[in-house]
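> Have a peek at data_2.txt (compact mmCIF, C-alpha atoms).
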# COMPACT_ATOMS: atom_id res chain seq x y z
CA MET G 1121 114.17 151.42 85.01
CA THR G 1122 117.57 149.78 85.11
CA ASN G 1123 118.61 146.93 82.79
CA TYR G 1124 118.31 144.53 85.72
CA GLU G 1125 114.79 145.73 86.50
CA PHE G 1126 113.79 145.48 82.85
CA MET G 1127 115.00 141.88 82.69
CA ARG G 1128 113.00 141.06 85.82
CA TRP G 1129 109.91 142.79 84.43
CA ALA G 1130 110.19 141.02 81.07
CA THR G 1131 110.42 137.56 82.65
CA PHE G 1132 107.99 138.09 85.50
CA SER G 1133 105.10 136.19 83.92
CA ILE G 1134 107.12 132.95 83.65
CA MET G 1135 108.56 133.02 87.18
CA PRO G 1136 107.56 130.57 89.98
CA THR G 1137 104.03 130.93 91.37
CA HIS G 1138 105.19 132.09 94.80
CA LEU G 1139 107.07 135.06 93.33
CA VAL G 1140 104.17 136.04 91.08
CA THR G 1141 101.65 135.69 93.92
CA VAL G 1142 103.70 137.78 96.34
CA ARG G 1143 104.36 140.60 93.88
CA ASN G 1144 100.72 140.77 92.79
CA ASP G 1145 99.59 140.81 96.42
CA ILE G 1146 102.00 143.60 97.37
CA LYS G 1147 101.00 145.71 94.37
CA ARG G 1148 97.33 145.21 95.25
CA LEU G 1149 97.92 146.19 98.88
CA ILE G 1150 99.81 149.33 97.85
CA LYS G 1151 97.09 150.30 95.41
CA SER G 1152 94.37 149.85 98.02
CA SER G 1153 96.24 151.66 100.80
CA LYS G 1154 94.87 154.97 102.02
CA SER G 1155 98.24 156.69 102.28
CA ASN G 1156 98.29 160.30 101.06
CA LYS G 1157 101.93 160.06 100.02
CA SER G 1158 102.89 159.99 96.35
CA LYS G 1159 104.87 156.84 97.14
CA MET G 1160 104.50 154.61 100.18
CA SER G 1161 107.50 153.74 102.31
CA VAL G 1162 107.93 149.95 102.52
CA LEU G 1163 110.42 148.09 104.68
CA ASP G 1164 111.57 144.81 103.10
CA VAL G 1165 112.79 142.72 106.04
CA GLY G 1166 115.29 140.07 105.02
CA GLY G 1167 115.44 141.80 101.64
CA ARG G 1168 119.00 140.92 100.56
CA LYS G 1169 118.70 140.43 96.79
CA SER G 1170 114.94 140.13 97.15
CA PRO G 1171 113.11 139.95 93.78
CA TYR G 1172 109.76 140.54 95.47
CA THR G 1173 109.92 144.34 95.64
CA ILE G 1174 111.74 145.00 92.35
CA ASN G 1175 109.79 147.59 90.30
CA ILE G 1176 107.18 147.89 93.05
CA PRO G 1177 105.81 151.49 93.05
CA ALA G 1178 107.09 152.44 96.51
CA ASN G 1179 110.17 153.71 98.30
CA ILE G 1180 111.84 150.51 99.49
CA THR G 1181 114.17 150.14 102.45
CA LEU G 1182 115.99 146.81 102.56
CA LEU G 1183 116.82 145.45 106.01
CA ASP G 1184 118.85 142.35 106.75
CA VAL G 1185 121.41 141.00 109.17
CA PRO G 1186 125.10 140.99 108.26
CA GLN G 1187 126.21 137.71 106.73
CA GLU G 1188 128.40 135.68 109.04
CA SER G 1189 130.42 132.52 108.65
CA GLY G 1190 128.60 129.24 109.15
CA THR G 1191 125.02 128.49 108.12
CA ARG G 1192 124.16 132.04 106.98
CA GLU G 1193 127.15 132.08 104.64
CA GLU G 1194 126.44 128.58 103.32
CA LEU G 1195 122.81 129.47 102.57
CA ASN G 1196 123.65 132.97 101.27
CA LEU G 1197 121.63 134.72 103.99
CA GLY G 1198 122.20 138.30 105.10
CA PHE G 1199 124.00 141.30 103.62
CA THR G 1200 127.57 141.18 102.39
CA LYS G 1201 129.76 144.14 101.41
CA ASN G 1202 129.39 143.10 97.78
CA ILE G 1203 125.59 143.09 97.94
CA LEU G 1204 125.55 146.47 99.67
CA LYS G 1205 127.88 147.89 97.04
CA THR G 1206 125.94 146.74 93.98
CA ILE G 1207 122.27 146.61 94.97
CA GLN G 1208 121.50 150.31 94.60
CA LYS G 1209 123.01 150.28 91.11
CA LYS G 1210 120.55 147.56 90.11
CA ARG G 1211 117.44 148.92 91.83
CA SER G 1212 115.84 152.31 91.18
CA ASN G 1213 113.29 152.13 94.01
CA ILE G 1214 115.74 151.58 96.89
CA LYS G 1215 115.59 154.48 99.32
CA ASP G 1216 117.79 153.05 102.07
CA LEU G 1217 119.71 149.98 103.27
CA VAL G 1218 119.68 148.98 106.93
CA VAL G 1219 122.02 146.33 108.34
CA GLN G 1220 120.62 145.07 111.63
CA ASP G 1221 118.68 142.30 113.33
CA MET G 1222 114.95 143.05 113.49
CA THR G 1223 114.78 141.43 116.94
CA GLU G 1224 117.15 144.20 118.11
CA SER G 1225 115.55 146.95 116.06
CA THR G 1226 116.56 150.59 116.52
CA LEU G 1227 114.04 151.84 113.94
CA GLU G 1228 111.76 154.69 114.96
CA ASP G 1229 108.17 153.75 115.75
CA ALA G 1230 105.65 154.30 112.93
CA SER G 1231 108.44 155.05 110.45
CA TYR G 1232 107.05 152.96 107.54
CA ASP G 1233 103.70 152.60 105.82
CA ALA G 1234 104.14 148.86 105.35
CA VAL G 1235 106.50 145.93 105.88
CA VAL G 1236 107.05 142.86 103.73
CA CYS G 1237 108.73 139.79 105.18
CA ILE G 1238 109.08 136.98 102.65
CA GLU G 1239 110.26 133.54 103.81
CA VAL G 1240 112.11 135.03 106.80
CA ILE G 1241 110.17 134.44 110.00
CA GLU G 1242 110.87 130.68 109.95
CA HIS G 1243 114.57 131.57 110.43
CA VAL G 1244 113.96 133.71 113.53
CA GLU G 1245 114.47 132.29 117.03
CA LYS G 1246 112.77 135.18 118.85
CA ASP G 1247 109.73 135.36 116.60
CA ASP G 1248 107.53 137.16 119.14
CA ILE G 1249 109.96 140.08 119.47
CA PHE G 1250 110.48 140.01 115.71
CA VAL G 1251 106.77 140.50 114.97
CA LYS G 1252 106.39 143.05 117.78
CA ASN G 1253 109.19 145.20 116.32
CA ILE G 1254 107.74 144.94 112.83
CA SER G 1255 104.38 146.14 114.16
CA LYS G 1256 106.02 149.05 115.99
CA ALA G 1257 107.76 150.17 112.79
CA ILE G 1258 104.44 150.47 110.91
CA ASP G 1259 102.37 153.65 110.98
CA LYS G 1260 98.69 153.50 111.94
CA GLY G 1261 96.60 152.25 109.03
CA GLY G 1262 99.51 150.33 107.54
CA TRP G 1263 100.04 146.62 106.97
CA ALA G 1264 102.56 143.79 107.09
CA TYR G 1265 102.83 140.95 104.59
CA PHE G 1266 104.42 137.64 105.61
CA THR G 1267 105.07 134.38 103.81
CA THR G 1268 106.50 131.22 105.35
CA PRO G 1269 106.43 127.44 104.69
CA ASN G 1270 103.10 125.74 105.37
CA GLY G 1271 103.73 123.82 108.59
CA ASP G 1272 100.36 122.09 108.33
CA PHE G 1273 101.77 120.12 105.41
CA ILE G 1274 105.56 120.61 105.16
CA LYS G 1275 107.28 119.43 108.33
CA ASN G 1276 110.83 120.58 109.01
CA GLU G 1277 112.14 117.22 110.15
CA GLY G 1278 113.80 114.06 108.94
CA PRO G 1279 116.29 113.94 106.05
CA ASP G 1280 114.76 117.02 104.38
CA LYS G 1281 115.13 119.25 107.47
CA ASN G 1282 116.36 122.74 106.67
CA PRO G 1283 119.10 123.51 109.23
CA ASP G 1284 118.37 127.24 109.19
CA HIS G 1285 114.62 126.93 109.81
CA VAL G 1286 113.70 127.26 113.50
CA ARG G 1287 110.09 126.20 112.94
CA HIS G 1288 107.33 125.74 110.36
CA TYR G 1289 104.10 127.42 111.48
CA THR G 1290 100.67 125.94 111.19
CA ARG G 1291 98.01 128.33 109.95
CA GLN G 1292 96.61 128.74 113.46
CA GLU G 1293 100.04 129.31 115.02
CA LEU G 1294 100.85 132.13 112.60
CA GLN G 1295 97.37 133.63 113.01
CA THR G 1296 97.73 133.63 116.81
CA LEU G 1297 101.21 135.20 116.71
CA LEU G 1298 100.22 138.02 114.35
CA GLU G 1299 97.02 138.77 116.27
CA LYS G 1300 99.10 139.68 119.33
CA TYR G 1301 100.38 142.82 117.60
CA PHE G 1302 97.92 143.63 114.79
CA ASP G 1303 94.26 144.62 114.75
CA SER G 1304 93.17 142.46 111.82
CA VAL G 1305 94.89 139.36 110.42
CA ASP G 1306 94.24 137.05 107.45
CA VAL G 1307 96.34 133.88 107.16
CA HIS G 1308 95.75 131.55 104.24
CA TYR G 1309 97.46 128.83 102.22
CA ALA G 1310 99.12 129.40 98.86
CA VAL G 1311 100.91 127.61 95.98
CA LYS G 1312 100.06 124.01 95.22
CA THR G 1313 103.11 121.82 95.58
CA GLY G 1314 104.11 118.76 93.56
CA LYS G 1315 106.23 117.96 90.51
CA TYR G 1316 105.30 121.11 88.56
CA ARG G 1317 106.17 123.47 91.42
CA VAL G 1318 109.47 121.64 92.02
CA GLN G 1319 110.44 121.72 88.33
CA GLY G 1320 109.52 125.40 88.10
CA LEU G 1321 111.91 126.29 90.92
CA LYS G 1322 114.92 124.96 89.00
CA SER G 1323 117.36 127.56 87.68
CA TYR G 1324 116.82 128.93 84.20
CA SER G 1325 119.77 128.56 81.84
CA LEU G 1326 120.08 129.25 78.13
CA LYS G 1327 122.74 126.53 78.11
CA ASN G 1328 119.99 124.04 78.93
CA PRO G 1329 117.06 125.05 76.66
CA ILE G 1330 115.06 121.86 77.30
CA GLY G 1331 115.29 122.37 81.06
CA LEU G 1332 114.35 126.03 80.66
CA ILE G 1333 111.25 125.15 78.62
CA LYS G 1334 110.25 122.52 81.18
CA SER G 1335 110.56 125.04 84.03
CA VAL G 1336 108.56 127.73 82.23
CA PHE G 1337 105.85 125.22 81.27
CA SER G 1338 105.75 123.89 84.85
CA ASN G 1339 105.32 127.38 86.31
CA ILE G 1340 102.39 128.09 84.00
CA ILE G 1341 100.70 124.82 85.02
CA ASN G 1342 101.41 125.45 88.69
CA ARG G 1343 99.87 128.92 88.40
CA PHE G 1344 96.56 127.35 87.36
CA GLN G 1345 96.88 124.59 89.97
CA SER G 1346 97.30 127.18 92.71
CA LYS G 1347 94.11 129.10 92.01
CA ASN G 1348 91.55 128.81 94.82
CA SER G 1349 94.09 127.17 97.15
CA ALA G 1350 93.63 129.62 100.04
CA ASN G 1351 91.88 127.02 102.19
CA SER G 1352 93.79 123.95 100.97
CA LYS G 1353 95.72 122.66 103.98
CA VAL G 1354 97.18 119.68 102.12
CA ASN G 1355 99.55 119.93 99.13
CA THR G 1356 100.23 123.64 99.54
CA ALA G 1357 103.74 124.95 100.09
CA HIS G 1358 103.25 128.32 101.80
CA LEU G 1359 101.30 130.34 104.31
CA ILE G 1360 100.57 133.99 103.56
CA GLY G 1361 99.76 136.28 106.47
CA ILE G 1362 98.44 139.81 105.91
CA ALA G 1363 98.23 141.86 109.10
CA TYR G 1364 96.69 145.33 109.42
CA LYS G 1365 97.21 148.03 112.07
Go ahead and render the structure in this file as structure tokens.


Amino acid sequence: MTNYEFMRWATFSIMPTHLVTVRNDIKRLIKSSKSNKSKMSVLDVGGRKSPYTINIPANITLLDVPQESGTREELNLGFTKNILKTIQKKRSNIKDLVVQDMTESTLEDASYDAVVCIEVIEHVEKDDIFVKNISKAIDKGGWAYFTTPNGDFIKNEGPDKNPDHVRHYTRQELQTLLEKYFDSVDVHYAVKTGKYRVQGLKSYSLKNPIGLIKSVFSNIINRFQSKNSANSKVNTAHLIGIAYK
């Protein structure tokens, strides 16, 4: 375990609810998988500096597009030379780094046991091809794990519109899309939104101890608020889609 991984592990329990939920889900899916390998191969699409697969017991391949000038650069999306240079020094479970667009995938079919795709699909114009290529990359018996904003409640419009989000899916829209390429699909809501979630997402800084305490406290409250929210269409921030081959 690297120093970076240890720091992440030590602070995991006080992180935002979405991060905790995703990591716990992925660990549960890996544990319940029927793979005979000592370690599963997992493709993290849109991985960049992804905290979601840090310390996960699997061989992780990070895939992302190259960062370009414009919106991607402004929002810190995609790989840069600096990220590529330093990421393997920080992460002990990284097996490979792939710089490409998943909608133009050159990956071999059935080359991974699973794929995780966290808050990425809402950025993708050609979402049908994107999901199709993810499905093709997964071996039989594997799974894909998606999260995206809850379009049943959070609309990407008006003054709060995110310029890099192509769409926000409703639960039914995401279910229908995933069912085109997977045998079994479960889409549900996650993470209650409101003042505690918003406060918990603010950056932690030892220079602002009062703000840090507020954020930690808010994340703990939001964790309890978010229990049993799988069918709560209103006041939830995310959709989680788990798709099985």

> Contacts of segment 1144-1160 of chain G at 12 Å or less, counting all atoms listed in the file, minus same-chain residues fewer than 6 places along, as a PDB file with C-alpha atoms, in the coordinates of the input?


ATOM      1  CA  PHE G1132     107.990 138.090  85.500  1.00  0.00           C
ATOM      2  CA  SER G1133     105.100 136.190  83.920  1.00  0.00           C
ATOM      3  CA  THR G1137     104.030 130.930  91.370  1.00  0.00           C
ATOM      4  CA  HIS G1138     105.190 132.090  94.800  1.00  0.00           C
ATOM      5  CA  TYR G1172     109.760 140.540  95.470  1.00  0.00           C
ATOM      6  CA  THR G1173     109.920 144.340  95.640  1.00  0.00           C
ATOM      7  CA  ILE G1174     111.740 145.000  92.350  1.00  0.00           C
ATOM      8  CA  ASN G1175     109.790 147.590  90.300  1.00  0.00           C
ATOM      9  CA  ILE G1176     107.180 147.890  93.050  1.00  0.00           C
ATOM     10  CA  PRO G1177     105.810 151.490  93.050  1.00  0.00           C
ATOM     11  CA  ALA G1178     107.090 152.440  96.510  1.00  0.00           C
ATOM     12  CA  ASN G1179     110.170 153.710  98.300  1.00  0.00           C
ATOM     13  CA  ILE G1180     111.840 150.510  99.490  1.00  0.00           C
ATOM     14  CA  THR G1181     114.170 150.140 102.450  1.00  0.00           C
ATOM     15  CA  ASN G1213     113.290 152.130  94.010  1.00  0.00           C
ATOM     16  CA  LYS G1215     115.590 154.480  99.320  1.00  0.00           C
ATOM     17  CA  SER G1231     108.440 155.050 110.450  1.00  0.00           C
ATOM     18  CA  TYR G1232     107.050 152.960 107.540  1.00  0.00           C
ATOM     19  CA  ASP G1233     103.700 152.600 105.820  1.00  0.00           C
ATOM     20  CA  ALA G1234     104.140 148.860 105.350  1.00  0.00           C
ATOM     21  CA  VAL G1235     106.500 145.930 105.880  1.00  0.00           C
ATOM     22  CA  VAL G1236     107.050 142.860 103.730  1.00  0.00           C
ATOM     23  CA  CYS G1237     108.730 139.790 105.180  1.00  0.00           C
ATOM     24  CA  ILE G1238     109.080 136.980 102.650  1.00  0.00           C
ATOM     25  CA  ILE G1258     104.440 150.470 110.910  1.00  0.00           C
ATOM     26  CA  ASP G1259     102.370 153.650 110.980  1.00  0.00           C
ATOM     27  CA  LYS G1260      98.690 153.500 111.940  1.00  0.00           C
ATOM     28  CA  GLY G1261      96.600 152.250 109.030  1.00  0.00           C
ATOM     29  CA  GLY G1262      99.510 150.330 107.540  1.00  0.00           C
ATOM     30  CA  TRP G1263     100.040 146.620 106.970  1.00  0.00           C
ATOM     31  CA  ALA G1264     102.560 143.790 107.090  1.00  0.00           C
ATOM     32  CA  TYR G1265     102.830 140.950 104.590  1.00  0.00           C
ATOM     33  CA  PHE G1266     104.420 137.640 105.610  1.00  0.00           C
ATOM     34  CA  THR G1267     105.070 134.380 103.810  1.00  0.00           C
ATOM     35  CA  ALA G1310      99.120 129.400  98.860  1.00  0.00           C
ATOM     36  CA  ILE G1360     100.570 133.990 103.560  1.00  0.00           C
ATOM     37  CA  GLY G1361      99.760 136.280 106.470  1.00  0.00           C
ATOM     38  CA  ILE G1362      98.440 139.810 105.910  1.00  0.00           C
ATOM     39  CA  ALA G1363      98.230 141.860 109.100  1.00  0.00           C
ATOM     40  CA  TYR G1364      96.690 145.330 109.420  1.00  0.00           C
ATOM     41  CA  LYS G1365      97.210 148.030 112.070  1.00  0.00           C
TER      42      LYS G1365
END

> How many Å separate atom CA of Ala1350 of chain G from atom CA of Tyr1309 of chain G?

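Taking atom CA of Ala1350 of chain G and atom CA of Tyr1309 of chain G, their separation equals 4.5 Å.
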
> Skip Leu1183 of chain G itself and residues of its chain fewer than 2 positions away, then list as a PyMOL selection string all residues within 8 Å of it, counting only C-alpha atoms.

chain G and resi 1163-1168+1181+1185+1217-1220

> So which residues are close to (117.1, 149.1, 92.9), meaning at most 8 Å away in the file's coordinates with only C-alpha atoms counted, and can you show them as a ChimeraX atom specification?

/G:1122,1125,1174-1175,1207-1214

> Please indicate the distance in Å from atom CA of Lys1281 of chain G to atom CA of His1243 of chain G, rounded to one decimal place.

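We find that atom CA of Lys1281 of chain G and atom CA of His1243 of chain G lie 12.7 Å from each other.
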
> State, in Å with one decimal place, the distance from atom CA of Gln1292 of chain G to atom CA of Asp1221 of chain G.

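Spanning atom CA of Gln1292 of chain G to atom CA of Asp1221 of chain G is a straight-line distance of 25.9 Å.
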
> Nearest to Ser1352 of chain G: which of G:Lys1327, G:Lys1322, G:Arg1291, G:Arg1317 is it, counting all atoms listed in the file?

G:Arg1291

> Just checking: using only C-alpha atoms, which residue out of G:Val1336, G:Ile1134, G:Val1142, G:Ile1254 ends up closest to Val1311 of chain G?

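Nearest to Val1311 of chain G: G:Val1142.
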
> Excluding Pro1171 of chain G and residues on its chain fewer than 6 positions from it, collect all residues at most 9 Å away from it, counting all atoms listed in the file, and give them as a compact mmCIF listing (two decimals) with C-alpha atoms, keeping the file's coordinate frame.


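As a result, around15.txt now contains:
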# COMPACT_ATOMS: atom_id res chain seq x y z
CA ARG G 1128 113.00 141.06 85.82
CA LEU G 1139 107.07 135.06 93.33
CA ARG G 1143 104.36 140.60 93.88

> Looking at all atoms listed in the file, which of G:Leu1332, G:Asn1253, G:Val1140, G:Leu1359 is the one that sits closest to Thr1226 of chain G?

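Of all the options, G:Asn1253 lies closest to Thr1226 of chain G.
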
> Go ahead and find all residues with at least one atom no further than 7 Å from (110.1, 124.6, 111.9) in the file's coordinates, using all atoms listed in the file; report them as a count of residues only.

8

> So which residues touch Ile1333 of chain G within 12 Å, counting all atoms listed in the file, skipping near sequence neighbours fewer than 4 positions away, as a count of residues only?

16

> Taking all atoms of segment 1244-1262 of chain G that the file lists and extending 6 Å past them on each side, where is the centre of the axis-aligned box and how long are its edges? Answer in Å to one decimal, as AutoDock Vina command-line options.


--center_x 105.5 --center_y 143.0 --center_z 113.5 --size_x 29.9 --size_y 33.4 --size_z 23.9

> Can you work out which one of G:Thr1268, G:Asn1282, G:Ser1346, G:Ser1255 has the shortest atom-to-atom distance to Asp1303 of chain G, counting only C-alpha atoms?

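With only C-alpha atoms as the atom set, the closest residue is G:Ser1255.
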